[in-house]
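Report on one structure; see the data block that follows.
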Amino acid sequence: MSHPEIGQRLASIKHVVLVLSGKGGVGKSSCTVQLALSLANQGRKVGVLDIDLCGPSIPRMLGLEGRQIHQATAGWVPVFADSGKQLACMSIGFLLPNKNTSVVWRGPKKNAMIKQFLADVYWGDLDYLLIDTPPGTSDEHLAVVEYLQEWNPDGAVIVTTPQAVALADVKKEINFCTKVGLPLLGLIENMSGFVCPHCAECTNVFSTGGGEGLAKHMDIPFLGRAPIDPNLVMLLEQEDKTVVPNVNNPDAEKIVTGSIVETYQHCELSKIFATITATLEAGLGETK
Ligand SMILES: Nc1ncnc2c1ncn2[C@@H]1O[C@H](COP(=O)(O)OP(=O)(O)OP(=O)(O)O)[C@@H](O)[C@H]1O
Ligand code: SF4
């Protein structure tokens with residue numbers, strides 16, 4: 001079935017990238033946010049669409065909880081994470097009465113919501129639309145792939161942790177992408193080691209390199225390794241995004257900035273994600 005209203009929305013978006021993971025809790029939403037912040041930090045215009053309808057975490061991670069969506073004649077206006085309007089966000093979290101409301105919907109209702117997100121959000125011109133999905137392969141994945149299929153999304157970035165149990169699930173995710181014809185843009189190995197808050201030394205708490213090995217084995221690009229970074233937890237969990245304690249440097253105790261995109265520049269992980277996004281953009285043929 002054709003969906004011309006979705007095609008019209010996507011016409012002003014250069015790249016559409018889905019972020020997937022085989023398992024929950026591996027840091028897929030965190031990586032979506034890091035990719036978005038990194039791209040916005042480099043001057044790209046980015047939209048993040050959260051289609052994890054039963055567990056939307058993007059509004060909390062971007063410090064946007066409690067914000068509202070506005071209806072304009074052009075469509076639903078997304079919530080901006082920064083005053084420069086580099087980073088826009090849309091999530092069911094903005095449509096719920098409060099953060100404790102649970103969404104218990106069957107497939108058809110979820111599909112209708114995803115279709116509405118794709119057709120009705122007024123993103124304006126974007127360089128990237130990153131779509132954060134639920135873990136595994138569920139109704140939401142099938143719906144978004146079906147709605148996007150004829151409009152040629154760029155493909156999927158897969159997030160995993162290095163442990164064997166997560167890697168086994170990633171293989172299923174890769175098979176899903178192959179089956180539905182979604183190109184594999186690359187794999188990120190998240191929580192790969194732990195950065196000490198005292199000396200910034202990286203210790204491999206679990207095994208490391210499993211993601212890279214799997215990417216090589218499955219012949220997909222390896223985008224990079226992101227360690228567990230206590231600064232990220234501070235950045236993402238802080239209620240007030242304008243004041244972030246820097247755990248690597250207590251003397252600099254507070255970084256006061258105007259937006260989460262600026263605040264992000266002070267997170268150690270931002271350097272790693274700058275490299276990861278550069279590798280992703282190189283794969284997409286995008287240069288500065
Ligand atoms: N590299 C990292 N360093 C520090 N903390 C991290 C890192 N990656 C993820 N986390 C933390 O791990 C937790 C789980 O991450 P996240 O919610 O992104 O996982 P997820 O894969 O999207 O989970 P789900 O799909 O089940 O919602 C969060 O509290 C997040 O802050
Ligand atoms: S990595 Fe070094 S500074 Fe950090 S906890 Fe271990 S010994 Fe201490």
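Order determines the names: the first chain of the structure tokens is A, the second B, and so forth; residues in each chain are numbered 1 upward, and ligands are numbered 1 upward as they are shown.
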
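Using only C-alpha atoms and all ligand atoms, we find that the residues with an atom at most 6 Å from any atom of ligand 1 are Gly24, Gly25, Val26, Gly27, Lys28, Ser29, Ser30, Pro134, Pro135, Asn190, Met191, Ala226, Pro227, Ile228, Asp229, Pro230, Leu232 and Val233 of chain A.
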
Give me a file of those residues, with N, CA and C atoms, as an mmCIF file, in the first residue's frame.
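What ended up in selection13.cif:
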data_model
loop_
_atom_site.group_PDB
_atom_site.id
_atom_site.type_symbol
_atom_site.label_atom_id
_atom_site.label_comp_id
_atom_site.auth_asym_id
_atom_site.auth_seq_id
_atom_site.Cartn_x
_atom_site.Cartn_y
_atom_site.Cartn_z
ATOM 1 N N GLY A 24 17.022 -5.476 25.121
ATOM 2 C CA GLY A 24 16.765 -4.226 25.848
ATOM 3 C C GLY A 24 17.938 -3.875 26.756
ATOM 4 N N GLY A 25 18.062 -2.618 27.067
ATOM 5 C CA GLY A 25 19.034 -2.177 28.068
ATOM 6 C C GLY A 25 20.478 -2.096 27.602
ATOM 7 N N VAL A 26 20.733 -2.291 26.296
ATOM 8 C CA VAL A 26 22.124 -2.236 25.825
ATOM 9 C C VAL A 26 22.586 -0.806 25.521
ATOM 10 N N GLY A 27 21.634 0.140 25.619
ATOM 11 C CA GLY A 27 22.009 1.544 25.406
ATOM 12 C C GLY A 27 21.618 2.081 24.043
ATOM 13 N N LYS A 28 20.580 1.464 23.458
ATOM 14 C CA LYS A 28 20.141 1.922 22.119
ATOM 15 C C LYS A 28 19.651 3.375 22.153
ATOM 16 N N SER A 29 18.781 3.690 23.146
ATOM 17 C CA SER A 29 18.271 5.061 23.220
ATOM 18 C C SER A 29 19.399 6.035 23.554
ATOM 19 N N SER A 30 20.307 5.630 24.448
ATOM 20 C CA SER A 30 21.443 6.507 24.778
ATOM 21 C C SER A 30 22.277 6.754 23.528
ATOM 22 N N PRO A 134 11.922 0.073 19.634
ATOM 23 C CA PRO A 134 11.988 -0.792 20.824
ATOM 24 C C PRO A 134 13.024 -1.895 20.599
ATOM 25 N N PRO A 135 13.438 -2.622 21.670
ATOM 26 C CA PRO A 135 14.386 -3.717 21.442
ATOM 27 C C PRO A 135 13.748 -4.878 20.683
ATOM 28 N N ASN A 190 28.448 -0.738 22.561
ATOM 29 C CA ASN A 190 28.262 0.182 23.689
ATOM 30 C C ASN A 190 28.641 -0.519 24.995
ATOM 31 N N MET A 191 28.895 0.264 26.024
ATOM 32 C CA MET A 191 29.295 -0.237 27.351
ATOM 33 C C MET A 191 30.507 -1.154 27.210
ATOM 34 N N ALA A 226 31.882 2.450 22.496
ATOM 35 C CA ALA A 226 31.612 3.511 23.474
ATOM 36 C C ALA A 226 31.680 2.907 24.873
ATOM 37 N N PRO A 227 32.563 3.408 25.733
ATOM 38 C CA PRO A 227 32.665 2.842 27.082
ATOM 39 C C PRO A 227 31.519 3.296 27.988
ATOM 40 N N ILE A 228 31.384 2.654 29.135
ATOM 41 C CA ILE A 228 30.462 3.144 30.167
ATOM 42 C C ILE A 228 31.104 4.422 30.710
ATOM 43 N N ASP A 229 30.379 5.499 30.634
ATOM 44 C CA ASP A 229 30.942 6.790 31.044
ATOM 45 C C ASP A 229 30.061 7.407 32.129
ATOM 46 N N PRO A 230 30.555 7.514 33.369
ATOM 47 C CA PRO A 230 29.729 8.079 34.439
ATOM 48 C C PRO A 230 29.254 9.494 34.120
ATOM 49 N N LEU A 232 28.111 10.427 31.330
ATOM 50 C CA LEU A 232 26.898 10.297 30.519
ATOM 51 C C LEU A 232 25.694 10.149 31.430
ATOM 52 N N VAL A 233 25.854 9.330 32.480
ATOM 53 C CA VAL A 233 24.752 9.121 33.415
ATOM 54 C C VAL A 233 24.360 10.471 34.003
#

Counting only C-alpha atoms and all ligand atoms, what are the residues of chain A within 6 Å of ligand 2, and for each of them which pair of atoms is the nearest and at what distance in Å, to one decimal? Sort the table by chain and rising number, as a Markdown table.
| residue | atom | partner | partner_atom_place_in_ligand_line | distance |
| --- | --- | --- | --- | --- |
| A:Cys196 | CA | ligand 2 | 4 (Fe) | 4.5 |
| A:His198 | CA | ligand 2 | 3 (S) | 4.8 |
| A:Cys199 | CA | ligand 2 | 3 (S) | 4.7 |
| A:Glu201 | CA | ligand 2 | 1 (S) | 5.3 |

Notebook entry, point to check: When distances are computed from only C-alpha atoms, which of A:Leu148, A:Ala88, A:Leu62, A:Ile51 shows the smallest separation from Ile114 (chain A)?
Noted result: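 Answer, going by the shortest atom-to-atom distance: A:Ile51.
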
Next item on the list: Mind checking which residues fall within 10 Å of Gly283 (chain A), counting only C-alpha atoms, ignoring those fewer than 6 positions away in the same chain, and posting them as a PyMOL selection string?
Entry: chain A and resi 185-186+221+223+277

Can I get the selection written as a short mmCIF file (atom, residue, chain, number, x, y, z; two decimals), in the first residue's frame, with C-alpha atoms?
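Listed below is the output, again_16.cif:
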data_model
loop_
_atom_site.label_atom_id
_atom_site.label_comp_id
_atom_site.auth_asym_id
_atom_site.auth_seq_id
_atom_site.Cartn_x
_atom_site.Cartn_y
_atom_site.Cartn_z
CA LEU A 185 24.87 1.08 8.10
CA GLY A 186 26.96 -0.20 10.96
CA PRO A 221 30.73 -1.59 9.02
CA LEU A 223 31.25 2.28 13.78
CA THR A 277 29.25 9.84 13.55
#

Notebook entry, point to check: How far is it from CA of Glu65 (chain A) to CA of Val103 (chain A), in Å with one decimal?
Noted result: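 Separation between CA of Glu65 (chain A) and CA of Val103 (chain A): 16.3 Å.
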
Margin query: Give me the residues near Glu5 (chain A) as a list in words, where near means some atom within 10 Å (using only C-alpha atoms) and where sequence neighbours in that chain fewer than 6 positions away do not count.
Written below: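 The neighbour list is Lys115, Gln116, Leu118, Ala119 and Asp120 of chain A.
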
Atoms to include: C-alpha atoms. Write the selected residues as a short mmCIF file (atom, residue, chain, number, x, y, z; two decimals), in the first residue's frame.
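Below is the file that was written, out_11.cif:
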data_model
loop_
_atom_site.label_atom_id
_atom_site.label_comp_id
_atom_site.auth_asym_id
_atom_site.auth_seq_id
_atom_site.Cartn_x
_atom_site.Cartn_y
_atom_site.Cartn_z
CA LYS A 115 2.00 6.15 10.71
CA GLN A 116 0.76 9.40 12.25
CA LEU A 118 5.72 9.66 10.07
CA ALA A 119 2.99 11.55 8.24
CA ASP A 120 2.04 14.37 10.60
#

Using only C-alpha atoms, what table do you get, as a tab-separated table, when you list each residue of region 109-162 of chain A with an atom no more than 10 Å from region 91-101 of chain A, its nearest pair of atoms, and their distance in Å rounded to one decimal, rows by chain then rising number?
residue	atom	partner	partner_atom	distance
A:Met113	CA	A:Ile92	CA	8.6
A:Ile114	CA	A:Ile92	CA	9.6
A:Phe117	CA	A:Ser91	CA	8.5
A:Asp132	CA	A:Ser91	CA	9.6

Item checked: Top pick for closest residue to Val145 (chain A), considering A:Gly47, A:Gly193, A:Arg106, A:Leu20 and counting only C-alpha atoms ->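 Residue with the minimum atom-to-atom distance to Val145 (chain A): A:Leu20.
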
Next item on the list: Determine which residues of region 38-282 of chain A receive a DSSP assignment of alpha helix (DSSP H), computed from the backbone, and state them as number ranges by chain.
Entry: A: 38-41, 58-61, 107-120, 139-148, 164-180, 210-218, 230-237, 260-264, 269-282

Check: Quick one: of A:Asp127, A:Pro4, A:Cys177, A:Gly55, who's nearest to Gln42 (chain A), counting only C-alpha atoms?
Finding: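 Residue with the minimum atom-to-atom distance to Gln42 (chain A): A:Asp127.
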
Margin query: I need the residues of region 58-147 of chain A that end up classed as strand (DSSP E or B) by DSSP on the backbone, written out as a ChimeraX atom specification.
Written below: /A:70-72,75-77,79-80,87-91,121,126-132

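Distance-wise, CA of Gly210 (chain A) and CA of Thr137 (chain A) end up 21.5 Å apart.
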
Which polymer residues have any atom within 12 Å of an atom of Ser2 (chain A), counting only C-alpha atoms, with same-chain residues fewer than 6 positions away left out, as a PDB file with N, CA and C atoms, in the first residue's frame?
ATOM      1  N   GLN A   8       5.694  12.788   1.331  1.00  0.00           N
ATOM      2  CA  GLN A   8       5.752  14.268   1.331  1.00  0.00           C
ATOM      3  C   GLN A   8       6.557  14.781   2.508  1.00  0.00           C
ATOM      4  N   LYS A 115       2.329   5.524  12.001  1.00  0.00           N
ATOM      5  CA  LYS A 115       1.998   6.153  10.714  1.00  0.00           C
ATOM      6  C   LYS A 115       1.760   7.644  10.905  1.00  0.00           C
ATOM      7  N   GLU A 146       7.533  -1.055   6.945  1.00  0.00           N
ATOM      8  CA  GLU A 146       6.531  -1.072   5.868  1.00  0.00           C
ATOM      9  C   GLU A 146       6.215   0.353   5.395  1.00  0.00           C
ATOM     10  N   TYR A 147       6.023   1.267   6.355  1.00  0.00           N
ATOM     11  CA  TYR A 147       5.665   2.648   5.966  1.00  0.00           C
ATOM     12  C   TYR A 147       6.800   3.354   5.228  1.00  0.00           C
ATOM     13  N   LEU A 148       8.033   2.990   5.577  1.00  0.00           N
ATOM     14  CA  LEU A 148       9.165   3.701   4.971  1.00  0.00           C
ATOM     15  C   LEU A 148       9.650   3.067   3.671  1.00  0.00           C
ATOM     16  N   GLN A 149       9.295   1.790   3.496  1.00  0.00           N
ATOM     17  CA  GLN A 149       9.902   0.980   2.436  1.00  0.00           C
ATOM     18  C   GLN A 149      10.027   1.688   1.080  1.00  0.00           C
ATOM     19  N   GLU A 150       8.917   2.236   0.603  1.00  0.00           N
ATOM     20  CA  GLU A 150       8.958   2.805  -0.752  1.00  0.00           C
ATOM     21  C   GLU A 150       9.717   4.123  -0.801  1.00  0.00           C
ATOM     22  N   TRP A 151      10.081   4.694   0.389  1.00  0.00           N
ATOM     23  CA  TRP A 151      10.781   5.980   0.414  1.00  0.00           C
ATOM     24  C   TRP A 151      12.273   5.808   0.683  1.00  0.00           C
TER      25      TRP A 151
END

Margin query: Please determine, counting only C-alpha atoms, which residue among A:Leu64, A:Cys202, A:Val144, A:Cys54 has the shortest atom-to-atom distance to Ser102 (chain A).
Written below: A:Cys54

Next item on the list: Do a neighbour search on Lys172 (chain A) at 10 Å with only C-alpha atoms, toss out local chain neighbours closer than 6 positions, and write the hits as a VMD selection string.
Entry: chain A and resid 21 to 22 136 to 137 178

How would the residues just chosen look if you wrote them out with C-alpha atoms as a compact mmCIF listing (two decimals), in the first residue's frame?
# COMPACT_ATOMS: atom_id res chain seq x y z
CA SER A 21 19.15 -3.44 19.19
CA GLY A 22 18.62 -7.16 19.67
CA GLY A 136 14.09 -6.87 19.31
CA THR A 137 11.80 -7.16 16.33
CA THR A 178 18.35 -8.53 5.61

Check: Hey, which of A:Met218, A:Ala143, A:Leu39, A:Val17 ends up closest to Ile276 (chain A)? Count only C-alpha atoms.
Finding: A:Leu39

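Taking CA of His141 (chain A) as the reference point, CA of Gln71 (chain A) is found at 26.2 Å.
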
Item checked: Nearest candidate to Thr32 (chain A) (options A:Ile188, A:Phe176, A:Val205, A:Glu212; using only C-alpha atoms) -> A:Ile188
